[in-house]
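Shown here: protein_17.cif, mmCIF, C-alpha atoms.
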```cif
data_my_file
loop_
_atom_site.label_atom_id
_atom_site.label_comp_id
_atom_site.auth_asym_id
_atom_site.auth_seq_id
_atom_site.Cartn_x
_atom_site.Cartn_y
_atom_site.Cartn_z
CA MET R 1 0.38 -12.86 -24.07
CA THR R 2 -2.74 -13.53 -22.16
CA ALA R 3 -4.56 -10.77 -20.30
CA GLY R 4 -7.35 -11.23 -17.79
CA ALA R 5 -10.64 -9.63 -18.70
CA MET R 6 -10.75 -8.04 -15.21
CA ARG R 7 -7.28 -6.48 -15.51
CA GLY R 8 -8.35 -3.41 -17.42
CA ILE R 9 -6.08 -4.05 -20.39
CA VAL R 10 -6.95 -2.19 -23.59
CA PRO R 11 -5.54 -4.49 -26.31
CA GLU R 12 -5.05 -1.74 -28.90
CA ALA R 13 -3.13 0.39 -26.40
CA LEU R 14 -0.88 -2.50 -25.34
CA GLU R 15 -0.19 -3.49 -28.94
CA MET R 16 0.73 0.06 -29.86
CA ALA R 17 2.99 0.45 -26.80
CA PHE R 18 4.67 -2.85 -27.65
CA SER R 19 5.40 -1.81 -31.22
CA TYR R 20 7.04 1.41 -30.00
CA ALA R 21 9.01 -0.35 -27.25
CA ALA R 22 10.25 -2.95 -29.74
CA LYS R 23 11.57 -0.40 -32.24
CA GLY R 24 15.32 -0.64 -32.66
CA THR R 25 15.53 -3.86 -30.60
CA CYS R 26 15.77 -7.47 -31.82
CA ALA R 27 11.97 -7.58 -31.44
CA ASP R 28 11.51 -4.77 -33.99
CA GLY R 29 8.60 -5.71 -36.22
CA ALA R 30 7.45 -8.54 -33.95
CA VAL R 31 3.72 -9.08 -33.63
CA LEU R 32 2.11 -9.13 -30.19
CA ARG R 33 -0.68 -11.70 -29.97
CA LEU R 34 -2.99 -10.99 -27.07
CA GLU R 35 -5.61 -13.43 -25.81
CA THR R 36 -8.22 -12.47 -23.25
CA VAL R 37 -8.79 -14.86 -20.35
CA GLN R 38 -12.32 -14.91 -18.96
CA PRO R 39 -12.55 -14.39 -15.21
CA VAL R 40 -13.03 -17.30 -12.82
CA ALA R 41 -14.12 -16.66 -9.24
CA ARG R 42 -14.02 -18.93 -6.20
CA CYS R 43 -16.80 -18.40 -3.71
CA ARG R 44 -15.31 -17.97 -0.22
CA GLN R 45 -18.64 -19.07 1.22
CA CYS R 46 -19.17 -22.43 -0.50
CA ASP R 47 -16.03 -22.95 -2.65
CA THR R 48 -17.96 -23.03 -5.95
CA ARG R 49 -16.01 -21.93 -9.02
CA TYR R 50 -17.89 -19.81 -11.53
CA ASN R 51 -17.56 -17.10 -14.18
CA PRO R 52 -18.51 -13.68 -12.82
CA THR R 53 -19.54 -10.90 -15.17
CA GLY R 54 -18.49 -7.25 -14.99
CA ASP R 55 -21.58 -6.27 -13.03
CA SER R 56 -22.28 -9.38 -10.97
CA PHE R 57 -20.15 -11.60 -8.76
CA LEU R 58 -23.15 -13.55 -7.44
CA CYS R 59 -22.34 -17.19 -6.73
CA PRO R 60 -24.74 -19.46 -8.65
CA SER R 61 -24.79 -21.93 -5.72
CA CYS R 62 -25.22 -19.85 -2.58
CA GLY R 63 -26.20 -16.43 -3.94
CA GLN R 64 -23.49 -14.55 -2.06
CA ALA R 65 -21.08 -12.09 -3.68
CA ASN R 66 -18.04 -13.21 -1.71
CA ALA R 67 -15.64 -13.88 -4.55
CA GLU R 68 -11.94 -14.35 -4.84
CA LEU R 69 -10.73 -14.01 -8.43
CA VAL R 70 -8.63 -17.05 -9.32
CA ALA R 71 -8.27 -16.34 -13.05
CA GLY R 72 -8.83 -13.41 -15.33
CA ASN R 73 -6.78 -10.94 -13.32
CA ASP R 74 -3.28 -11.59 -14.65
CA ILE R 75 -1.09 -10.48 -17.53
CA VAL R 76 1.10 -13.37 -18.65
CA LEU R 77 3.81 -13.65 -21.26
CA ALA R 78 2.80 -17.13 -22.41
CA SER R 79 5.24 -17.83 -25.24
CA VAL R 80 7.59 -16.31 -27.79
CA THR R 81 7.73 -17.60 -31.36
CA LEU R 82 11.03 -16.97 -33.16
CA GLU R 83 11.49 -17.13 -36.90
CA ASP R 84 14.39 -19.15 -38.34
CA GLY R 85 17.69 -17.35 -38.07
CA SER R 86 16.71 -15.25 -35.05
CA PRO R 87 19.10 -15.35 -32.11
CA GLU R 88 17.83 -17.71 -29.42
CA MET S 1 9.98 -21.25 -36.54
CA LYS S 2 10.63 -22.03 -32.92
CA LYS S 3 8.08 -21.59 -30.16
CA ILE S 4 9.44 -21.04 -26.66
CA THR S 5 7.01 -21.41 -23.78
CA VAL S 6 7.62 -18.69 -21.18
CA VAL S 7 4.57 -18.33 -18.87
CA LYS S 8 5.85 -15.33 -16.94
CA ASN S 9 3.45 -13.25 -14.91
CA VAL S 10 4.16 -9.68 -15.97
CA LEU S 11 2.96 -8.31 -12.64
CA GLU S 12 5.11 -10.70 -10.60
CA ALA S 13 7.67 -7.93 -9.95
CA ASN S 14 5.01 -5.90 -8.12
CA GLU S 15 3.57 -8.92 -6.34
CA ALA S 16 6.96 -10.07 -5.04
CA VAL S 17 7.62 -6.64 -3.53
CA ALA S 18 4.08 -6.57 -2.10
CA ARG S 19 4.70 -9.91 -0.35
CA GLU S 20 7.94 -8.55 1.12
CA ASN S 21 6.15 -5.38 2.33
CA ARG S 22 3.50 -7.56 4.01
CA ARG S 23 6.16 -9.73 5.63
CA ARG S 24 7.94 -6.68 7.07
CA MET S 25 4.71 -5.32 8.52
CA ASP S 26 3.69 -8.74 9.84
CA ALA S 27 7.04 -8.94 11.63
CA ALA S 28 6.47 -5.47 13.14
CA ARG S 29 2.84 -6.33 14.04
CA VAL S 30 1.61 -3.39 12.03
CA LEU S 31 -1.74 -3.52 10.25
CA ALA S 32 -1.37 -1.96 6.80
CA VAL S 33 -4.56 -0.43 5.43
CA ASN S 34 -4.79 0.67 1.78
CA ILE S 35 -7.42 3.38 1.32
CA THR S 36 -8.78 3.76 -2.21
CA SER S 37 -11.39 6.18 -3.50
CA ALA S 38 -12.11 8.93 -6.01
CA PRO S 39 -10.45 12.31 -5.46
CA GLY S 40 -12.27 14.41 -2.89
CA SER S 41 -14.23 11.68 -1.13
CA GLY S 42 -12.52 12.50 2.17
CA LYS S 43 -9.57 10.12 2.58
CA THR S 44 -7.35 12.69 4.31
CA SER S 45 -10.19 13.92 6.56
CA LEU S 46 -10.97 10.33 7.47
CA LEU S 47 -7.33 9.76 8.44
CA GLU S 48 -7.14 12.98 10.47
CA LYS S 49 -10.19 11.98 12.51
CA SER S 50 -9.31 8.29 12.77
CA ILE S 51 -5.68 8.75 13.81
CA SER S 52 -6.65 11.30 16.48
CA ALA S 53 -9.32 8.98 17.87
CA LEU S 54 -6.96 5.99 17.89
CA ALA S 55 -4.04 7.95 19.35
CA PRO S 56 -4.62 7.28 23.04
CA ARG S 57 -4.22 3.53 22.45
CA PHE S 58 -2.67 3.05 19.02
CA GLN S 59 0.14 4.75 17.12
CA SER S 60 -0.31 5.29 13.38
CA ALA S 61 1.84 6.34 10.46
CA VAL S 62 0.76 7.35 6.96
CA ILE S 63 2.15 6.91 3.47
CA VAL S 64 0.26 9.35 1.29
CA GLY S 65 0.26 9.31 -2.49
CA ASP S 66 -0.52 12.29 -4.70
CA LEU S 67 0.36 13.28 -8.23
CA GLN S 68 1.66 16.63 -6.97
CA THR S 69 1.93 18.76 -3.79
CA THR S 70 2.63 17.82 -0.18
CA ARG S 71 -0.65 19.31 1.07
CA ASP S 72 -2.10 16.07 2.43
CA ALA S 73 1.18 15.18 4.15
CA GLU S 74 1.32 18.63 5.74
CA ARG S 75 -2.23 18.22 7.10
CA LEU S 76 -1.42 14.79 8.53
CA ALA S 77 1.96 15.87 9.96
CA ARG S 78 0.07 18.22 12.29
CA LEU S 79 -1.04 15.09 14.14
CA ASP S 80 2.58 14.62 15.19
CA ILE S 81 2.93 11.25 13.47
CA GLN S 82 5.31 9.85 10.86
CA VAL S 83 4.09 10.81 7.38
CA THR S 84 5.76 10.02 4.08
CA GLN S 85 4.54 11.68 0.92
CA ILE S 86 4.97 9.92 -2.41
CA ASN S 87 4.61 12.21 -5.42
CA THR S 88 3.92 10.08 -8.45
CA GLU S 89 4.33 13.07 -10.83
CA GLY S 90 1.46 11.97 -12.97
CA GLY S 91 1.28 8.29 -12.01
CA CYS S 92 -2.33 7.28 -11.40
CA HIS S 93 -1.76 4.67 -8.62
CA LEU S 94 0.79 3.60 -6.01
CA SER S 95 2.95 0.53 -6.64
CA ALA S 96 4.43 -1.91 -4.15
CA THR S 97 7.94 -0.61 -4.96
CA GLN S 98 6.99 2.96 -4.03
CA VAL S 99 5.54 1.70 -0.75
CA ALA S 100 8.69 -0.36 -0.10
CA GLU S 101 10.83 2.77 -0.54
CA ALA S 102 8.57 4.75 1.77
CA LEU S 103 8.66 1.93 4.35
CA GLY S 104 12.46 2.23 4.38
CA GLY S 105 12.10 5.72 5.83
CA LEU S 106 9.62 4.78 8.56
CA ASP S 107 10.34 3.48 12.05
CA LEU S 108 7.78 0.69 12.54
CA THR S 109 8.64 0.22 16.22
CA GLY S 110 5.58 0.68 18.40
CA LEU S 111 3.27 1.32 15.45
CA SER S 112 -0.12 -0.36 15.24
CA PHE S 113 -1.46 1.06 11.98
CA LEU S 114 0.13 2.05 8.71
CA PHE S 115 -2.41 3.82 6.55
CA ILE S 116 -1.63 4.07 2.84
CA GLU S 117 -3.66 6.84 1.25
CA ASN S 118 -3.71 5.83 -2.39
CA ILE S 119 -4.03 8.20 -5.36
CA GLY S 120 -7.59 9.45 -5.80
CA ASN S 121 -8.74 7.27 -8.69
CA MET S 122 -11.37 4.53 -8.82
CA VAL S 123 -9.68 2.46 -11.53
CA CYS S 124 -5.92 1.87 -11.37
CA PRO S 125 -5.32 1.66 -7.57
CA ALA S 126 -7.64 -1.37 -7.54
CA GLU S 127 -5.15 -3.28 -9.69
CA PHE S 128 -2.00 -3.15 -7.57
CA ASP S 129 -1.32 -5.04 -4.35
CA LEU S 130 0.82 -2.83 -2.11
CA GLY S 131 1.34 -5.44 0.59
CA GLU S 132 -1.59 -4.24 2.66
CA HIS S 133 -3.55 -6.43 5.07
CA ALA S 134 -6.83 -4.69 4.44
CA ARG S 135 -8.27 -2.76 1.54
CA VAL S 136 -10.75 0.07 2.10
CA ALA S 137 -12.95 1.31 -0.74
CA MET S 138 -14.49 4.66 0.05
CA LEU S 139 -17.17 6.61 -1.73
CA SER S 140 -18.98 9.78 -0.80
CA VAL S 141 -22.51 10.99 -1.29
CA PRO S 142 -21.78 13.90 -3.72
CA GLU S 143 -20.17 11.47 -6.17
CA GLY S 144 -23.56 9.95 -6.91
CA ASP S 145 -25.25 6.67 -5.99
CA ASP S 146 -24.13 4.77 -9.11
CA LYS S 147 -20.42 4.41 -8.39
CA VAL S 148 -20.43 0.84 -7.03
CA ALA S 149 -21.91 -0.46 -10.28
CA LYS S 150 -19.65 1.74 -12.42
CA TYR S 151 -16.39 0.78 -10.68
CA PRO S 152 -16.87 -2.83 -9.57
CA THR S 153 -13.14 -3.63 -9.64
CA LEU S 154 -12.59 -1.14 -6.79
CA PHE S 155 -15.43 -2.45 -4.62
CA GLN S 156 -15.24 -6.20 -5.34
CA PRO S 157 -11.94 -6.92 -3.51
CA ALA S 158 -12.55 -4.41 -0.66
CA ASP S 159 -12.59 -5.63 2.95
CA VAL S 160 -14.72 -2.71 4.10
CA ILE S 161 -16.69 -0.06 2.24
CA LEU S 162 -17.07 3.42 3.65
CA LEU S 163 -19.80 5.79 2.51
CA ASN S 164 -18.71 9.27 3.58
CA LYS S 165 -20.50 12.64 3.70
CA MET S 166 -23.72 11.05 4.94
CA ASP S 167 -24.65 14.51 6.32
CA LEU S 168 -25.49 15.41 2.69
CA VAL S 169 -27.71 12.42 1.95
CA GLY S 170 -31.03 14.27 2.29
CA ILE S 171 -29.88 17.36 0.41
CA LEU S 172 -28.70 15.44 -2.64
CA ASP S 173 -31.57 12.91 -3.00
CA TYR S 174 -29.04 10.12 -2.70
CA ASP S 175 -30.50 6.64 -3.16
CA LEU S 176 -28.91 4.47 -0.47
CA GLY S 177 -30.99 1.51 -1.64
CA ARG S 178 -29.25 1.64 -4.99
CA VAL S 179 -25.82 1.42 -3.35
CA ARG S 180 -26.89 -1.53 -1.17
CA ASP S 181 -28.51 -3.25 -4.15
CA ASP S 182 -25.36 -2.89 -6.29
CA LEU S 183 -23.19 -4.14 -3.44
CA SER S 184 -25.43 -7.19 -3.05
CA ARG S 185 -24.16 -8.29 -6.48
CA ILE S 186 -20.55 -7.09 -6.21
CA ASN S 187 -19.44 -7.67 -2.61
CA THR S 188 -21.50 -9.07 0.26
CA ARG S 189 -18.43 -9.86 2.37
CA ALA S 190 -17.39 -6.28 3.18
CA PRO S 191 -19.50 -4.33 5.64
CA LEU S 192 -20.87 -1.00 4.38
CA ILE S 193 -20.26 1.70 6.98
CA GLU S 194 -22.21 4.93 6.54
CA LEU S 195 -20.25 7.78 8.04
CA SER S 196 -19.57 11.46 8.06
CA THR S 197 -16.12 12.70 8.97
CA LYS S 198 -17.77 16.10 9.55
CA THR S 199 -20.43 15.08 12.09
CA GLY S 200 -18.65 11.97 13.40
CA ARG S 201 -21.54 9.68 12.43
CA GLY S 202 -20.38 6.09 11.91
CA MET S 203 -16.85 6.77 13.11
CA ASP S 204 -17.26 4.46 16.12
CA THR S 205 -18.23 1.55 13.85
CA TRP S 206 -15.26 2.23 11.57
CA LEU S 207 -12.80 2.51 14.47
CA GLN S 208 -14.20 -0.71 15.94
CA TRP S 209 -13.66 -2.44 12.58
CA LEU S 210 -10.06 -1.20 12.51
CA THR S 211 -9.20 -2.27 16.04
CA THR S 212 -10.82 -5.69 15.57
CA ARG S 213 -8.79 -6.17 12.41
CA HIS S 214 -5.64 -5.03 14.19
CA GLY S 215 -6.31 -7.54 16.97
CA ALA S 216 -6.58 -10.31 14.40
CA CYS S 217 -3.31 -9.15 12.81
CA VAL S 218 -1.46 -9.22 16.12
CA ALA S 219 -2.90 -12.67 16.77
CA GLY S 220 -1.18 -13.76 13.57
CA ARG S 221 -4.35 -14.09 11.58
CA ALA S 222 -3.61 -11.32 9.11
CA LYS S 223 -4.32 -12.02 5.47
CA GLU S 224 -1.82 -14.44 3.95
CA ALA S 225 0.55 -13.14 1.32
#
```
Kindly return the structure encoded in the file as structure tokens.
Amino acid sequence: MTAGAMRGIVPEALEMAFSYAAKGTCADGAVLRLETVQPVARCRQCDTRYNPTGDSFLCPSCGQANAELVAGNDIVLASVTLEDGSPE
Amino acid sequence: MKKITVVKNVLEANEAVARENRRRMDAARVLAVNITSAPGSGKTSLLEKSISALAPRFQSAVIVGDLQTTRDAERLARLDIQVTQINTEGGCHLSATQVAEALGGLDLTGLSFLFIENIGNMVCPAEFDLGEHARVAMLSVPEGDDKVAKYPTLFQPADVILLNKMDLVGILDYDLGRVRDDLSRINTRAPLIELSTKTGRGMDTWLQWLTTRHGACVAGRAKEA
């Protein structure tokens, strides 16, 4: 899974919840791999794409904080890896 | 070992319902306004004053979210408007599905504004699109002048920022400059409206913002899904 850094995901909490949810299912014992995606903003003023930080959304080109988050705000199930013999 | 690529957005379920909510309100020419803030900043008081002031020209309805009680809904029902209370029973934010269910019980005919009073919480409500056209982030003077910097995810996507309880600004040594300075890094798009629901200060500016936004919605220029 990938989780946006601006989404407020606490990896340890998600991993623990996953392990409990998986108990007794075909995913019992599966490992959740979580990658954090750094945020990308698009400036509505001048269309520049940049990486905002938690405390600043200032556009490096025009100096405005008029940002639309285009990445780093999603939770995505990216892929599932099955071991041999698992049902597909 | 076999790797299967999935790429499924986990929040898509909420986003799909949010788009449908927005489409329904677009069709009814209703401007949906999602009001987010900490508990006690004055969301219900703001709605009481705003809805009364708009009433001669515009009809409003409210969906109000709380963990428990129907107190806010009872206050708002005195305005003789449609009010739907959602009790989340511990849930810390409203979801698009809850709003869709509440919408099912509302008659949108003749309505201009649907206000959604979110759960008082400066974190989780920022994360969920409800299908609104405009997002309000509200803060109030007694909460302290550091909240914009502490909760940027609430203020960054907001279309308008309301600073309530301005009648207390002198008593509490509130640093307005600090709020403006933090907003200059977080969100320069949204206007900051200083108001007091108690004295009425700033209410004209806020009501003007609402009616302008409603006009744009009716003209078909509401925010795209």
Expand the PyMOL selection byres ((chain S) within 10 of (chain R)) into the individual residues it matches in the shown file, reporting them as JSON, numbers by chain. {"S": [1, 2, 3, 4, 5, 6, 7, 8, 9, 10, 11, 12, 123, 124, 126, 127, 148, 149, 150, 151, 152, 153, 156, 157, 182, 183, 184, 185, 186, 187, 188, 189, 190]}
Need to verify the contact set: Gly72 in chain R, 7 Å, all atoms listed in the file, exclusion of same-chain residues closer than 2 positions in sequence. Can you return it as a count of residues only? 8
List the residues matched by the PyMOL selection byres ((chain S and resi 39) around 9) in the displayed structure as a ChimeraX atom specification, ordered by chain and then by residue number. /S:37-38,40-43,119-122
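Residues matched by the PyMOL selection byres ((chain R and resi 29) around 12) in this structure: Glu15, Met16, Phe18, Ser19, Tyr20, Ala21, Ala22, Lys23, Gly24, Thr25, Cys26, Ala27, Asp28, Ala30, Val31, Leu32, Leu82 and Glu83 of chain R.
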Would you mind listing what lies within 12 Å of Ser60 in chain S as a PyMOL selection string, with all atoms listed in the file counted and same-chain residues fewer than 6 positions away left out? chain S and resi 30-33+47-54+76-77+79-83+106-116+210-211+214
Have a look at S:Leu192, S:Ala102, S:Leu168, S:Leu139 and name the one nearest to Leu46 in chain S; count all atoms listed in the file.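 For Leu46 in chain S, the nearest of the given residues is S:Leu139.
Residue nearest Arg24 in chain S within the list S:Arg180, S:Lys165, S:His133, S:Arg75: S:His133 [criterion: smallest interatomic distance, all atoms listed in the file].
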Show me, as a list in words, the residues that have an atom within 9 Å of Tyr174 in chain S when counting all atoms listed in the file, minus same-chain residues fewer than 3 positions from it.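 Non-adjacent residues within range: Val141, Pro142, Gly144, Asp145, Leu168, Val169, Gly170, Ile171, Gly177 and Arg178 of chain S.
The coordinates place CA of Ile161 in chain S at 6.2 Å from CA of Ile193 in chain S.
Our summary of the geometry notes that CA of Gly131 in chain S is positioned 23.3 Å from CA of Thr70 in chain S.
Note that CA of Glu74 in chain S and CA of Gly104 in chain S are 19.9 Å apart.
Residue nearest Ile63 in chain S, chosen from S:Asn87, S:Arg78, S:Asp159, S:Arg19 and counting all atoms listed in the file: S:Asn87.
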Would you pick out the contacts of Pro60 in chain R at 10 Å or less, using only C-alpha atoms, so that residues sharing its chain but fewer than 6 positions from it are not included, and give the list as a VMD selection string? chain R and resid 43 48 to 52
Exercise on range 72-84 of chain R, axis-aligned box with 6 Å per side, report centre and edge lengths in Å to one decimal, as lines of an AutoDock Vina configuration file:
```
center_x = 2.8
center_y = -14.8
center_z = -25.8
size_x = 35.2
size_y = 20.7
size_z = 37.0
```
